[in-house]
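Structure file data_23.tsv; described as TSV, C-alpha atoms and all ligand atoms.
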chain	number	residue	atom	x	y	z
A	606	MET	CA	13.46	-79.94	112.92
A	607	ARG	CA	16.44	-77.63	113.16
A	608	GLN	CA	18.19	-79.54	110.46
A	609	MET	CA	15.22	-79.29	108.11
A	610	ARG	CA	15.19	-75.54	108.29
A	611	LYS	CA	18.74	-75.32	107.02
A	612	THR	CA	17.92	-76.83	103.64
A	613	LYS	CA	15.96	-74.49	101.45
A	614	ARG	CA	13.00	-76.32	99.91
A	615	VAL	CA	12.19	-79.29	102.01
A	616	ILE	CA	9.54	-81.51	100.59
A	617	MET	CA	6.86	-83.00	102.77
A	618	LYS	CA	4.47	-85.79	102.00
A	619	ILE	CA	0.75	-85.26	102.53
A	620	LYS	CA	-1.84	-88.03	102.33
A	621	VAL	CA	-4.71	-86.92	100.13
A	622	LYS	CA	-8.15	-88.47	99.88
A	623	LEU	CA	-10.20	-87.32	96.91
A	624	ASP	CA	-13.26	-88.97	95.33
A	625	SER	CA	-12.62	-92.02	97.56
A	626	LYS	CA	-9.16	-92.41	96.01
A	627	LYS	CA	-6.08	-92.15	98.24
A	628	SER	CA	-2.72	-90.83	97.15
A	629	GLU	CA	0.38	-89.09	98.46
A	630	VAL	CA	1.29	-85.62	97.30
A	631	GLU	CA	4.58	-83.82	97.78
A	632	VAL	CA	4.56	-80.14	98.65
A	633	ALA	CA	7.18	-77.70	99.88
A	634	GLU	CA	7.57	-77.32	103.62
A	635	GLY	CA	5.31	-74.69	105.07
A	636	SER	CA	2.73	-75.01	102.30
A	637	THR	CA	-0.90	-74.23	103.01
A	638	VAL	CA	-4.02	-76.17	102.07
A	639	ASP	CA	-4.56	-73.55	99.38
A	640	GLU	CA	-1.19	-74.29	97.81
A	641	LEU	CA	-1.90	-78.01	97.88
A	642	LEU	CA	-5.22	-77.46	96.07
A	643	GLU	CA	-3.45	-75.24	93.57
A	644	LYS	CA	-0.94	-78.01	92.92
A	645	LEU	CA	-3.75	-80.50	92.34
A	646	GLY	CA	-5.49	-78.09	89.97
A	647	ILE	CA	-8.58	-77.85	92.18
A	648	ASN	CA	-10.45	-74.56	92.57
A	649	ARG	CA	-10.94	-73.88	96.29
A	650	GLU	CA	-14.35	-72.37	95.55
A	651	THR	CA	-15.62	-75.84	94.66
A	652	VAL	CA	-14.43	-77.94	97.60
A	653	LEU	CA	-14.43	-78.33	101.37
A	654	VAL	CA	-11.34	-79.68	103.07
A	655	ARG	CA	-10.78	-81.80	106.16
A	656	LEU	CA	-7.32	-81.63	107.71
A	657	ASN	CA	-6.78	-84.67	109.94
A	658	LYS	CA	-10.56	-85.18	110.04
A	659	GLU	CA	-11.38	-81.56	111.01
A	660	ILE	CA	-12.91	-79.13	108.53
A	661	CYS	CA	-10.47	-76.29	107.97
A	662	THR	CA	-9.91	-73.07	106.05
A	663	GLU	CA	-7.57	-73.00	103.08
A	664	GLU	CA	-5.04	-70.88	104.98
A	665	GLU	CA	-4.22	-73.75	107.32
A	666	LYS	CA	-0.53	-74.75	107.20
A	667	LEU	CA	0.38	-78.36	106.49
A	668	LYS	CA	2.76	-80.53	108.46
A	669	PRO	CA	4.54	-83.68	107.28
A	670	GLY	CA	2.29	-86.72	107.55
A	671	ASP	CA	-0.96	-84.71	107.57
A	672	THR	CA	-4.04	-86.27	106.02
A	673	ILE	CA	-6.21	-84.15	103.79
A	674	GLU	CA	-9.67	-85.09	102.60
A	675	ILE	CA	-11.06	-83.05	99.73
A	676	ILE	CA	-14.83	-83.02	99.46
A	677	ARG	CA	-16.40	-81.78	96.25
A	678	ALA	CA	-18.98	-79.25	97.41
A	679	VAL	CA	-20.15	-78.03	94.04
A	680	THR	CA	-21.69	-80.73	91.90
A	681	GLY	CA	-24.09	-81.02	89.03
A	682	GLY	CA	-27.69	-82.15	89.21
B	105	MET	CA	3.13	-67.46	116.52
B	106	LEU	CA	0.41	-65.58	118.31
B	107	HIS	CA	-0.33	-63.69	115.17
B	108	ILE	CA	-0.79	-66.88	113.15
B	109	ALA	CA	-3.08	-68.41	115.76
B	110	PHE	CA	-5.26	-65.30	115.69
B	111	SER	CA	-5.47	-64.98	111.96
B	112	LEU	CA	-6.67	-68.57	111.67
B	113	GLY	CA	-9.35	-68.08	114.29
B	114	CYS	CA	-13.05	-67.23	114.13
B	115	SER	CA	-13.65	-63.47	113.79
B	116	LYS	CA	-16.13	-63.66	116.65
B	117	CYS	CA	-14.69	-66.01	119.25
B	118	LYS	CA	-11.13	-66.85	118.08
B	119	GLU	CA	-11.92	-70.57	118.04
B	120	ARG	CA	-10.40	-72.50	115.17
B	121	ALA	CA	-12.09	-71.37	111.95
B	122	VAL	CA	-13.76	-73.80	109.55
B	123	TYR	CA	-14.63	-71.21	106.93
B	124	HIS	CA	-13.12	-68.09	105.47
B	125	ARG	CA	-15.76	-65.95	103.84
B	126	ARG	CA	-13.42	-64.15	101.50
B	127	TYR	CA	-15.90	-61.62	100.13
B	128	SER	CA	-16.38	-60.15	103.62
B	129	GLY	CA	-13.07	-61.06	105.22
B	130	GLN	CA	-14.81	-62.88	108.07
B	131	LYS	CA	-13.79	-66.23	109.48
B	132	PHE	CA	-16.15	-68.53	111.30
B	133	CYS	CA	-15.82	-71.41	113.72
B	134	GLY	CA	-18.42	-74.16	113.25
B	135	GLU	CA	-20.90	-72.74	115.72
B	136	HIS	CA	-20.70	-69.17	114.45
B	137	PHE	CA	-20.94	-70.35	110.87
B	138	LEU	CA	-24.22	-72.17	111.59
B	139	GLN	CA	-25.54	-69.07	113.32
B	140	TYR	CA	-24.53	-66.77	110.47
B	141	PHE	CA	-25.99	-69.13	107.86
B	142	GLU	CA	-29.40	-69.56	109.47
B	143	ASN	CA	-29.68	-65.82	110.17
B	144	LYS	CA	-28.88	-64.92	106.63
B	145	VAL	CA	-31.41	-67.39	105.17
B	146	ARG	CA	-34.09	-66.03	107.51
B	147	LYS	CA	-33.22	-62.49	106.42
B	148	THR	CA	-33.44	-63.48	102.77
B	149	ILE	CA	-36.88	-64.98	103.38
B	150	GLN	CA	-37.98	-61.72	105.03
B	151	LYS	CA	-36.36	-59.44	102.48
B	152	TYR	CA	-38.28	-60.98	99.59
B	153	LYS	CA	-41.38	-61.70	101.70
B	154	MET	CA	-41.18	-65.33	100.69
B	155	VAL	CA	-43.59	-66.70	103.26
B	156	GLY	CA	-46.61	-65.38	105.12
B	157	ARG	CA	-47.95	-66.43	108.48
B	158	GLY	CA	-50.00	-69.63	108.41
B	159	GLU	CA	-49.07	-70.55	104.86
B	160	LYS	CA	-48.71	-74.06	103.49
B	161	ILE	CA	-45.29	-74.57	101.97
B	162	GLY	CA	-44.34	-77.49	99.76
B	163	ALA	CA	-40.58	-77.99	99.50
B	164	ALA	CA	-39.15	-79.73	96.47
B	165	LEU	CA	-36.83	-82.35	97.90
B	166	SER	CA	-34.15	-84.04	95.83
B	167	GLY	CA	-32.17	-85.45	98.73
B	168	GLY	CA	-29.14	-83.34	97.87
B	169	LYS	CA	-27.63	-80.74	100.20
B	170	ASP	CA	-29.54	-77.75	98.81
B	171	SER	CA	-33.04	-79.12	99.12
B	172	ILE	CA	-32.45	-80.78	102.50
B	173	THR	CA	-31.03	-77.52	103.87
B	174	THR	CA	-33.98	-75.54	102.49
B	175	LEU	CA	-36.45	-77.93	104.04
B	176	SER	CA	-34.63	-77.92	107.35
B	177	VAL	CA	-34.50	-74.12	107.62
B	178	LEU	CA	-38.18	-73.80	106.68
B	179	ASN	CA	-39.09	-76.50	109.15
B	180	ALA	CA	-37.21	-74.67	111.91
B	181	LEU	CA	-39.22	-71.52	111.07
B	182	SER	CA	-42.54	-73.33	110.90
B	183	LYS	CA	-43.47	-72.99	114.57
B	184	LYS	CA	-42.76	-69.30	114.76
B	185	LEU	CA	-44.62	-68.49	111.58
B	186	ASP	CA	-47.28	-71.16	111.95
B	187	LEU	CA	-46.30	-72.74	108.64
B	188	GLU	CA	-47.42	-76.10	107.39
B	189	ILE	CA	-44.51	-77.83	105.67
B	190	CYS	CA	-44.42	-80.88	103.45
B	191	ALA	CA	-41.83	-82.25	101.06
B	192	ILE	CA	-42.30	-83.33	97.46
B	193	ALA	CA	-39.67	-85.55	95.85
B	194	VAL	CA	-39.47	-86.20	92.13
B	195	ASP	CA	-38.22	-89.50	90.78
B	196	GLU	CA	-37.14	-88.73	87.23
B	197	GLY	CA	-35.89	-92.25	86.70
B	198	ILE	CA	-32.12	-91.76	86.64
B	199	LYS	CA	-30.55	-95.09	87.50
B	200	GLY	CA	-27.76	-95.13	90.04
B	201	TYR	CA	-28.40	-91.51	91.05
B	202	ARG	CA	-31.98	-90.96	92.07
B	203	ASN	CA	-32.24	-94.11	94.16
B	204	ASP	CA	-29.49	-92.71	96.34
B	205	THR	CA	-30.91	-89.23	96.73
B	206	ILE	CA	-34.47	-90.47	97.34
B	207	LYS	CA	-33.14	-92.63	100.13
B	208	SER	CA	-31.60	-89.52	101.75
B	209	ALA	CA	-34.90	-87.68	101.29
B	210	ARG	CA	-36.86	-90.46	102.95
B	211	SER	CA	-34.63	-90.78	105.97
B	212	PHE	CA	-34.48	-87.01	106.48
B	213	CYS	CA	-38.27	-86.61	106.41
B	214	ALA	CA	-38.78	-89.62	108.66
B	215	GLY	CA	-36.32	-88.18	111.21
B	216	GLN	CA	-37.95	-84.74	111.18
B	217	ASN	CA	-41.55	-85.92	110.99
B	218	ILE	CA	-42.19	-84.11	107.73
B	219	PRO	CA	-44.76	-85.62	105.36
B	220	LEU	CA	-43.13	-86.69	102.09
B	221	HIS	CA	-44.87	-87.13	98.75
B	222	ILE	CA	-43.06	-88.86	95.91
B	223	VAL	CA	-44.05	-88.28	92.31
B	224	SER	CA	-42.40	-90.01	89.37
B	225	PHE	CA	-41.97	-89.38	85.66
B	226	LYS	CA	-42.86	-93.02	85.14
B	227	ARG	CA	-46.28	-92.68	86.71
B	228	ARG	CA	-47.02	-89.24	85.25
B	229	PHE	CA	-45.55	-89.50	81.76
B	230	GLY	CA	-45.18	-93.26	81.39
B	231	THR	CA	-41.43	-93.07	80.85
B	232	THR	CA	-38.16	-92.42	82.66
B	233	LEU	CA	-35.42	-89.89	82.00
B	234	ASP	CA	-33.04	-92.76	81.21
B	235	LYS	CA	-35.39	-93.91	78.45
B	236	ILE	CA	-35.76	-90.38	77.10
B	237	MET	CA	-31.97	-90.13	77.01
B	238	ARG	CA	-31.72	-93.32	75.02
B	239	GLN	CA	-33.79	-91.60	72.34
B	240	GLY	CA	-30.94	-89.14	72.00
B	241	LYS	CA	-32.73	-86.24	73.68
B	242	ASN	CA	-31.16	-83.50	75.80
B	243	ALA	CA	-31.53	-84.78	79.36
B	244	CYS	CA	-31.55	-81.48	81.21
B	245	THR	CA	-34.15	-79.87	78.95
B	246	TYR	CA	-36.60	-82.71	79.50
B	247	CYS	CA	-35.67	-83.16	83.11
B	248	GLY	CA	-36.16	-79.50	84.01
B	249	VAL	CA	-39.44	-78.98	82.18
B	250	LEU	CA	-41.07	-82.22	83.27
B	251	ARG	CA	-39.89	-81.88	86.85
B	252	ARG	CA	-41.34	-78.37	87.09
B	253	ARG	CA	-44.63	-79.76	85.81
B	254	VAL	CA	-44.97	-82.66	88.25
B	255	LEU	CA	-43.98	-80.40	91.15
B	256	SER	CA	-46.60	-77.78	90.25
B	257	GLU	CA	-49.28	-80.40	89.83
B	258	LYS	CA	-48.52	-82.04	93.16
B	259	ALA	CA	-48.26	-78.73	95.03
B	260	ARG	CA	-51.62	-77.65	93.64
B	261	GLU	CA	-53.21	-80.99	94.45
B	262	LEU	CA	-51.97	-80.64	98.03
B	263	GLY	CA	-53.31	-77.09	98.28
B	264	MET	CA	-49.91	-75.46	98.84
B	265	ASP	CA	-49.53	-71.65	98.89
B	266	LYS	CA	-45.86	-71.72	97.88
B	267	LEU	CA	-43.41	-74.12	96.36
B	268	ALA	CA	-39.88	-73.85	97.79
B	269	THR	CA	-36.86	-75.01	95.83
B	270	GLY	CA	-33.24	-75.42	96.88
B	271	HIS	CA	-31.68	-73.07	94.30
B	272	ASN	CA	-28.59	-71.44	95.77
B	273	LEU	CA	-26.63	-68.32	94.75
B	274	ASP	CA	-24.49	-70.32	92.32
B	275	ASP	CA	-27.57	-71.73	90.57
B	276	GLU	CA	-29.08	-68.26	90.29
B	277	VAL	CA	-25.91	-66.67	88.95
B	278	GLN	CA	-25.42	-69.51	86.46
B	279	ALA	CA	-28.96	-69.02	85.18
B	280	ILE	CA	-28.45	-65.25	84.88
B	281	MET	CA	-25.19	-65.69	82.94
B	282	MET	CA	-26.65	-68.37	80.69
B	283	ASN	CA	-29.55	-66.13	79.76
B	284	TYR	CA	-27.27	-63.11	79.20
B	285	ILE	CA	-25.06	-65.12	76.91
B	286	ARG	CA	-27.97	-66.57	74.97
B	287	GLY	CA	-29.70	-63.19	74.89
B	288	ASP	CA	-32.81	-64.80	76.33
B	289	VAL	CA	-34.36	-61.67	77.85
B	290	GLU	CA	-37.74	-63.25	78.47
B	291	ARG	CA	-36.26	-65.99	80.63
B	292	LEU	CA	-33.99	-63.49	82.31
B	293	VAL	CA	-37.03	-61.59	83.55
B	294	ARG	CA	-38.89	-64.74	84.53
B	295	LEU	CA	-36.07	-65.80	86.83
B	296	LYS	CA	-37.27	-63.36	89.43
B	297	ARG	CA	-40.83	-62.60	88.61
B	298	SER	CA	-43.25	-65.43	89.06
B	299	LEU	CA	-45.68	-65.90	86.24
B	300	LEU	CA	-48.97	-64.37	87.13
B	301	HIS	CA	-51.78	-66.83	86.76
B	302	GLU	CA	-54.19	-68.19	89.33
B	303	LYS	CA	-53.13	-71.75	88.58
B	304	PHE	CA	-49.49	-70.97	89.08
B	305	ILE	CA	-48.11	-71.57	92.55
B	306	PRO	CA	-45.46	-68.97	93.44
B	307	ARG	CA	-41.92	-70.32	93.80
B	308	ILE	CA	-39.61	-69.32	96.60
B	309	LYS	CA	-35.86	-69.84	96.83
B	310	PRO	CA	-34.69	-69.34	100.42
B	311	LEU	CA	-31.05	-70.15	99.59
B	312	SER	CA	-30.83	-67.83	96.59
B	313	GLU	CA	-28.27	-65.62	98.34
B	314	MET	CA	-26.17	-68.43	99.82
B	315	PRO	CA	-23.08	-69.55	97.86
B	316	GLU	CA	-23.14	-73.27	97.10
B	317	LYS	CA	-19.96	-73.86	99.07
B	318	GLU	CA	-21.64	-72.43	102.18
B	319	VAL	CA	-24.67	-74.66	101.69
B	320	ALA	CA	-22.40	-77.70	101.43
B	321	LEU	CA	-20.57	-76.69	104.60
B	322	TYR	CA	-23.84	-76.16	106.44
B	323	ALA	CA	-25.10	-79.61	105.45
B	324	LEU	CA	-21.80	-81.15	106.48
B	325	LEU	CA	-21.68	-79.40	109.87
B	326	ARG	CA	-25.32	-80.24	110.57
B	327	ASP	CA	-24.47	-83.83	109.74
B	328	PHE	CA	-27.33	-84.19	107.28
B	329	SER	CA	-27.00	-87.51	105.55
B	330	VAL	CA	-27.21	-85.89	102.16
B	331	SER	CA	-26.32	-87.57	98.96
B	332	PHE	CA	-23.34	-85.95	97.24
B	333	ALA	CA	-24.03	-88.14	94.22
B	334	GLU	CA	-23.72	-86.32	90.94
B	335	CYS	CA	-26.24	-86.68	88.15
B	336	PRO	CA	-24.64	-88.72	85.35
B	337	TYR	CA	-26.06	-86.31	82.77
B	338	SER	CA	-24.58	-83.14	84.25
B	339	HIS	CA	-21.16	-83.43	82.58
B	340	GLY	CA	-20.22	-81.33	79.62
B	341	THR	CA	-23.43	-79.32	79.65
B	342	PHE	CA	-23.49	-75.62	78.86
B	343	ARG	CA	-24.35	-75.00	82.50
B	344	ALA	CA	-21.33	-76.97	83.73
B	345	GLY	CA	-19.07	-74.79	81.56
B	346	ILE	CA	-20.63	-71.61	82.94
B	347	ARG	CA	-20.30	-72.96	86.49
B	348	ASP	CA	-16.57	-73.58	86.12
B	349	PHE	CA	-16.08	-70.20	84.49
B	350	ILE	CA	-17.87	-68.34	87.31
B	351	ASN	CA	-15.94	-70.25	89.99
B	352	GLU	CA	-12.71	-69.38	88.24
B	353	LEU	CA	-13.72	-65.70	88.36
B	354	GLU	CA	-14.79	-65.97	92.00
B	355	LYS	CA	-11.43	-67.44	92.98
B	356	ASN	CA	-9.60	-64.29	91.97
B	357	ASN	CA	-12.40	-61.79	92.61
B	358	ALA	CA	-14.10	-62.68	95.87
B	359	GLY	CA	-17.73	-61.60	95.79
B	360	ILE	CA	-18.20	-61.67	92.02
B	361	LYS	CA	-21.24	-63.95	92.37
B	362	PHE	CA	-22.97	-61.34	94.51
B	363	SER	CA	-22.12	-58.57	92.10
B	364	ILE	CA	-23.55	-60.56	89.20
B	365	LEU	CA	-26.76	-61.04	91.19
B	366	LYS	CA	-26.90	-57.37	92.21
B	367	GLY	CA	-26.25	-56.20	88.68
B	368	TYR	CA	-29.11	-58.34	87.48
B	369	GLN	CA	-31.44	-56.97	90.15
B	370	LYS	CA	-30.55	-53.42	89.11
B	371	LEU	CA	-31.40	-54.28	85.55
B	372	LEU	CA	-34.77	-55.84	86.33
B	373	PRO	CA	-36.86	-52.63	86.60
B	374	TYR	CA	-35.84	-51.80	83.02
B	375	LEU	CA	-36.98	-55.14	81.70
B	376	GLU	CA	-40.60	-55.70	81.01
B	377	LEU	CA	-42.34	-59.02	80.81
B	378	LYS	CA	-44.50	-58.53	77.75
B	379	THR	CA	-45.92	-61.95	77.20
B	380	ALA	CA	-49.37	-62.50	78.60
B	381	MET	CA	-50.23	-65.74	80.35
B	382	HIS	CA	-53.01	-67.98	79.22
B	383	GLU	CA	-53.91	-71.64	79.38
B	384	CYS	CA	-52.31	-74.27	77.17
B	385	GLU	CA	-54.70	-75.49	74.48
B	386	LEU	CA	-53.84	-79.10	75.20
B	387	CYS	CA	-53.46	-79.41	78.97
B	388	GLY	CA	-54.81	-76.16	80.42
B	389	GLU	CA	-51.65	-75.29	82.35
B	390	PRO	CA	-50.53	-71.64	82.36
B	391	THR	CA	-48.14	-70.78	79.52
B	392	SER	CA	-47.09	-67.81	77.42
B	393	GLN	CA	-47.45	-69.86	74.22
B	394	LYS	CA	-50.43	-71.58	72.61
B	395	ILE	CA	-49.05	-74.97	73.59
B	396	CYS	CA	-46.95	-75.30	76.71
B	397	LYS	CA	-43.38	-76.56	76.79
B	398	THR	CA	-44.36	-79.77	78.58
B	399	CYS	CA	-46.91	-80.73	75.91
B	400	LEU	CA	-44.40	-79.89	73.18
B	401	LEU	CA	-41.74	-82.11	74.72
B	402	VAL	CA	-44.08	-84.95	75.67
B	403	LYS	CA	-45.18	-85.23	72.04
B	404	PHE	CA	-41.72	-86.48	71.15
B	405	ILE	CA	-41.30	-89.20	73.76
C	1	LIG	S1	-28.15	-82.51	85.59
C	1	LIG	FE1	-29.41	-84.37	85.84
C	1	LIG	S2	-30.87	-83.84	87.44
C	1	LIG	FE2	-30.00	-81.91	86.70
C	1	LIG	S3	-31.43	-81.24	85.09
C	1	LIG	FE3	-29.81	-82.39	84.06
C	1	LIG	S4	-30.62	-84.47	83.95
C	1	LIG	FE4	-31.85	-83.41	85.48
C	2	ZN	ZN	-16.71	-68.52	116.69
C	3	ZN	ZN	-49.78	-78.15	77.82

Would it be possible to restate this file's structure as structure tokens?
Ligand code: SF4
Ligand SMILES: [Zn+2]
Ligand SMILES: [Zn+2]
Amino acid sequence: MRQMRKTKRVIMKIKVKLDSKKSEVEVAEGSTVDELLEKLGINRETVLVRLNKEICTEEEKLKPGDTIEIIRAVTGG
Amino acid sequence: MLHIAFSLGCSKCKERAVYHRRYSGQKFCGEHFLQYFENKVRKTIQKYKMVGRGEKIGAALSGGKDSITTLSVLNALSKKLDLEICAIAVDEGIKGYRNDTIKSARSFCAGQNIPLHIVSFKRRFGTTLDKIMRQGKNACTYCGVLRRRVLSEKARELGMDKLATGHNLDDEVQAIMMNYIRGDVERLVRLKRSLLHEKFIPRIKPLSEMPEKEVALYALLRDFSVSFAECPYSHGTFRAGIRDFINELEKNNAGIKFSILKGYQKLLPYLELKTAMHECELCGEPTSQKICKTCLLVKFI
């Protein structure tokens, strides 16, 4: 942990589940859910997010190895 | 550290928040979100005097989150207000979509002991939306008009006083913007004012002041087995474009959906609904034209 702080932009890997597809996304250490969504080009107004199975706000900070599930809340029909 | 823990917590109890309501700055834990949501829907129902004591309410049920939430909130109110609730589901005949949502509708009604009536385009008009699509028609135009018709007919047949639909704030704001952009003043007025005709059953929209994201969260927290299936015909429509545009605005201007709704409500008193209602020459349903929209569309299928 101490070592990681020394380097400036440490990348962490987050497991992302979206539309029943799984992938791994790299974000900078200390990123929030909001920043992850931004990176994926997803508008936070249109989704709900589960962080390690629990529904969370977009301000929640991510840790290496976290699992994020993005649920599309706004759909057509 | 303490500061971070606090800022992520519910504004009421400091428990871990599941929702940040940006336009008011409040954060809610699961329990307080449910409480807030149900209170606000009840207040909306009161504010617009949507239901009266002892009334019979038919709720249009698609099996999606909006209609299941509407039905559930009305059902919870039914004892207190002595309401009689039933659900009406429409099967438009959209393969791979409707089967799913009707299944959700069935299991919800069975679990809550709510009578469910299913009406289909096939039985009423002798065709399905899929078939109409194959003729190169605009799906949503047909779907909307025909669905409104079968719902009205069923609600009247069942002797309902009101017909409740699951339209949420996003739906309302999209409709307002679409009509502004098209300059369709008549439809703009009709959004709020029910058509006055004895045959016309008044519509109510209990979720009309709830953002769609909040409705989705409510359904998720309540564990409703709703179908999140998306209609295959919803892509690339004018409405979908407006929806994305409004959500883009909302992202950077929290509360813009409410201000669009409020602006519209301020405008309403200055708009007059000029067209008189009479009965369609072909089918006898109330319309502002000689021949109603349903009869016009049905002629071409
Ligand atoms: S999106 Fe699908 S369900 Fe909605 S109006 Fe269009 S065709 Fe009908
Ligand atoms: Zn709380
Ligand atoms: Zn007619």

**Report entry** Interatomic distance, CA of Cys247 (chain B) to CA of Ala214 (chain B) (Å, one decimal)
**Finding:**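 Separation of CA of Cys247 (chain B) and CA of Ala214 (chain B): 26.5 Å.
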
Report task. Collect all residues with atoms no farther than 7 Å from ligand LIG 1 (chain C), counting all atoms listed in the file, and output them as a PyMOL selection string. Result -> (chain A and resi 681-682) or (chain B and resi 243-245+247-248+335-338)

Requested in this report: Return as a VMD selection string the residues of protein, DNA or RNA that approach ligand ZN 2 (chain C) to within 12 Å, with only C-alpha atoms and all ligand atoms taken into account.
Outcome: chain B and resid 110 112 to 124 130 to 140

Requested in this report: Can you tell me which residues come within 8 Å of ligand ZN 3 (chain C) when counting all atoms listed in the file, ideally as a list in words?
Outcome: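 Written in the requested form, the residues are Glu383, Cys384, Glu385, Leu386, Cys387, Gly388, Glu389, Pro390, Thr391, Ile395, Cys396, Lys397, Thr398, Cys399 and Leu400 of chain B.
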
Restricting it to C-alpha atoms, dump the selection as a short mmCIF file (atom, residue, chain, number, x, y, z; two decimals), in the coordinates of the input.
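Printed below is out18.cif as written:
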data_model
loop_
_atom_site.label_atom_id
_atom_site.label_comp_id
_atom_site.auth_asym_id
_atom_site.auth_seq_id
_atom_site.Cartn_x
_atom_site.Cartn_y
_atom_site.Cartn_z
CA GLU B 383 -53.91 -71.64 79.38
CA CYS B 384 -52.31 -74.27 77.17
CA GLU B 385 -54.70 -75.49 74.48
CA LEU B 386 -53.84 -79.10 75.20
CA CYS B 387 -53.46 -79.41 78.97
CA GLY B 388 -54.81 -76.16 80.42
CA GLU B 389 -51.65 -75.29 82.35
CA PRO B 390 -50.53 -71.64 82.36
CA THR B 391 -48.14 -70.78 79.52
CA ILE B 395 -49.05 -74.97 73.59
CA CYS B 396 -46.95 -75.30 76.71
CA LYS B 397 -43.38 -76.56 76.79
CA THR B 398 -44.36 -79.77 78.58
CA CYS B 399 -46.91 -80.73 75.91
CA LEU B 400 -44.40 -79.89 73.18
#

**Report entry** Contacts of Val632 (chain A) within 7 Å, only C-alpha atoms, excl. fewer than 2 positions in-chain, as a list in words
**Finding:**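 The neighbour list is Ile616, Met617, Lys618, Val630, Glu634, Ser636 and Leu641 of chain A.
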
Requested in this report: Rounded to one decimal place, report the CA of Val638 (chain A)-CA of Ile619 (chain A) distance in Å.
Outcome: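 Taking CA of Val638 (chain A) as the start and CA of Ile619 (chain A) as the end point, the length is 10.3 Å.
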
Query raised in the report: What separation in Å, quoted to one decimal, exists between CA of Ser171 (chain B) and CA of Lys366 (chain B)?
Result: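 CA of Lys366 (chain B) lies at a distance of 23.6 Å from CA of Ser171 (chain B).
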
Compile a residue-level contact table for chain A against chain B at a cut-off of 10 Å, reporting for every qualifying residue the shortest atom pair and its distance in Å to one decimal, with only C-alpha atoms counted, rows ordered by chain and ascending number, as CSV.
residue,atom,partner,partner_atom,distance
A:Asn648,CA,B:Glu352,CA,7.1
A:Arg649,CA,B:Lys355,CA,7.3
A:Glu650,CA,B:Asn351,CA,6.2
A:Thr651,CA,B:Lys317,CA,6.5
A:Val652,CA,B:Lys317,CA,7.0
A:Leu653,CA,B:Leu321,CA,7.1
A:Val654,CA,B:Val122,CA,9.1
A:Arg655,CA,B:Val122,CA,9.2
A:Glu659,CA,B:Val122,CA,8.2
A:Ile660,CA,B:Val122,CA,5.5
A:Cys661,CA,B:Val122,CA,4.4
A:Thr662,CA,B:Tyr123,CA,5.1
A:Glu663,CA,B:His124,CA,7.8
A:Glu664,CA,B:Leu112,CA,7.3
A:Glu665,CA,B:Leu112,CA,7.2
A:Lys666,CA,B:Leu112,CA,9.8
A:Ile676,CA,B:Phe332,CA,9.3
A:Arg677,CA,B:Phe332,CA,8.2
A:Ala678,CA,B:Ala320,CA,5.5
A:Val679,CA,B:Glu316,CA,6.4
A:Thr680,CA,B:Glu334,CA,6.0
A:Gly681,CA,B:Ser338,CA,5.3
A:Gly682,CA,B:Cys335,CA,4.9

Those same residues, written as a short mmCIF file (atom, residue, chain, number, x, y, z; two decimals), in the coordinates of the input with C-alpha atoms?
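Result written to selection.cif:
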data_model
loop_
_atom_site.label_atom_id
_atom_site.label_comp_id
_atom_site.auth_asym_id
_atom_site.auth_seq_id
_atom_site.Cartn_x
_atom_site.Cartn_y
_atom_site.Cartn_z
CA ASN A 648 -10.45 -74.56 92.57
CA ARG A 649 -10.94 -73.88 96.29
CA GLU A 650 -14.35 -72.37 95.55
CA THR A 651 -15.62 -75.84 94.66
CA VAL A 652 -14.43 -77.94 97.60
CA LEU A 653 -14.43 -78.33 101.37
CA VAL A 654 -11.34 -79.68 103.07
CA ARG A 655 -10.78 -81.80 106.16
CA GLU A 659 -11.38 -81.56 111.01
CA ILE A 660 -12.91 -79.13 108.53
CA CYS A 661 -10.47 -76.29 107.97
CA THR A 662 -9.91 -73.07 106.05
CA GLU A 663 -7.57 -73.00 103.08
CA GLU A 664 -5.04 -70.88 104.98
CA GLU A 665 -4.22 -73.75 107.32
CA LYS A 666 -0.53 -74.75 107.20
CA ILE A 676 -14.83 -83.02 99.46
CA ARG A 677 -16.40 -81.78 96.25
CA ALA A 678 -18.98 -79.25 97.41
CA VAL A 679 -20.15 -78.03 94.04
CA THR A 680 -21.69 -80.73 91.90
CA GLY A 681 -24.09 -81.02 89.03
CA GLY A 682 -27.69 -82.15 89.21
#

Query - Counting only C-alpha atoms, the residue of B:Ile218, B:Ile236, B:Leu187, B:Leu311 that sits nearest Thr174 (chain B) - result: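 Between B:Ile218, B:Ile236, B:Leu187, B:Leu311, the residue approaching Thr174 (chain B) most closely is B:Leu311.
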
Query raised in the report: So which residues touch Phe328 (chain B) within 10 Å, counting all atoms listed in the file, skipping near sequence neighbours fewer than 6 positions away, as a PyMOL selection string?
Result: chain B and resi 167-169+172-173+176+208+211-212+322

Requested in this report: Determine, counting only C-alpha atoms, which protein, DNA and RNA residues have an atom within 7 Å of an atom of region 259-273 of chain B; residues of the same chain fewer than 3 positions away are not included. Present the result as a list in words.
Outcome: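 What passes the distance filter is Glu159, Lys160, Ile161, Gly162, Ala163, Ala164, Asp170, Ser171, Thr174, Leu255, Ser256, Glu276, Val277, Ile305, Pro306, Arg307, Ile308, Lys309, Leu311, Ser312, Glu313, Met314, Pro315 and Glu316 of chain B.
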
Query raised in the report: So, counting all atoms listed in the file, which residue among B:Ser182, B:Leu292, B:Thr232, B:Ala279 is closest to Asp195 (chain B)?
Result: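 Of the candidates, the smallest distance to Asp195 (chain B) is held by B:Thr232.
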
Requested in this report: Determine the nearest neighbour of Lys361 (chain B) from the options B:Ile280, B:Val249, B:Ala191, B:Val293, counting all atoms listed in the file.
Outcome: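 Using all atoms listed in the file, Lys361 (chain B) sits closest to B:Ile280.
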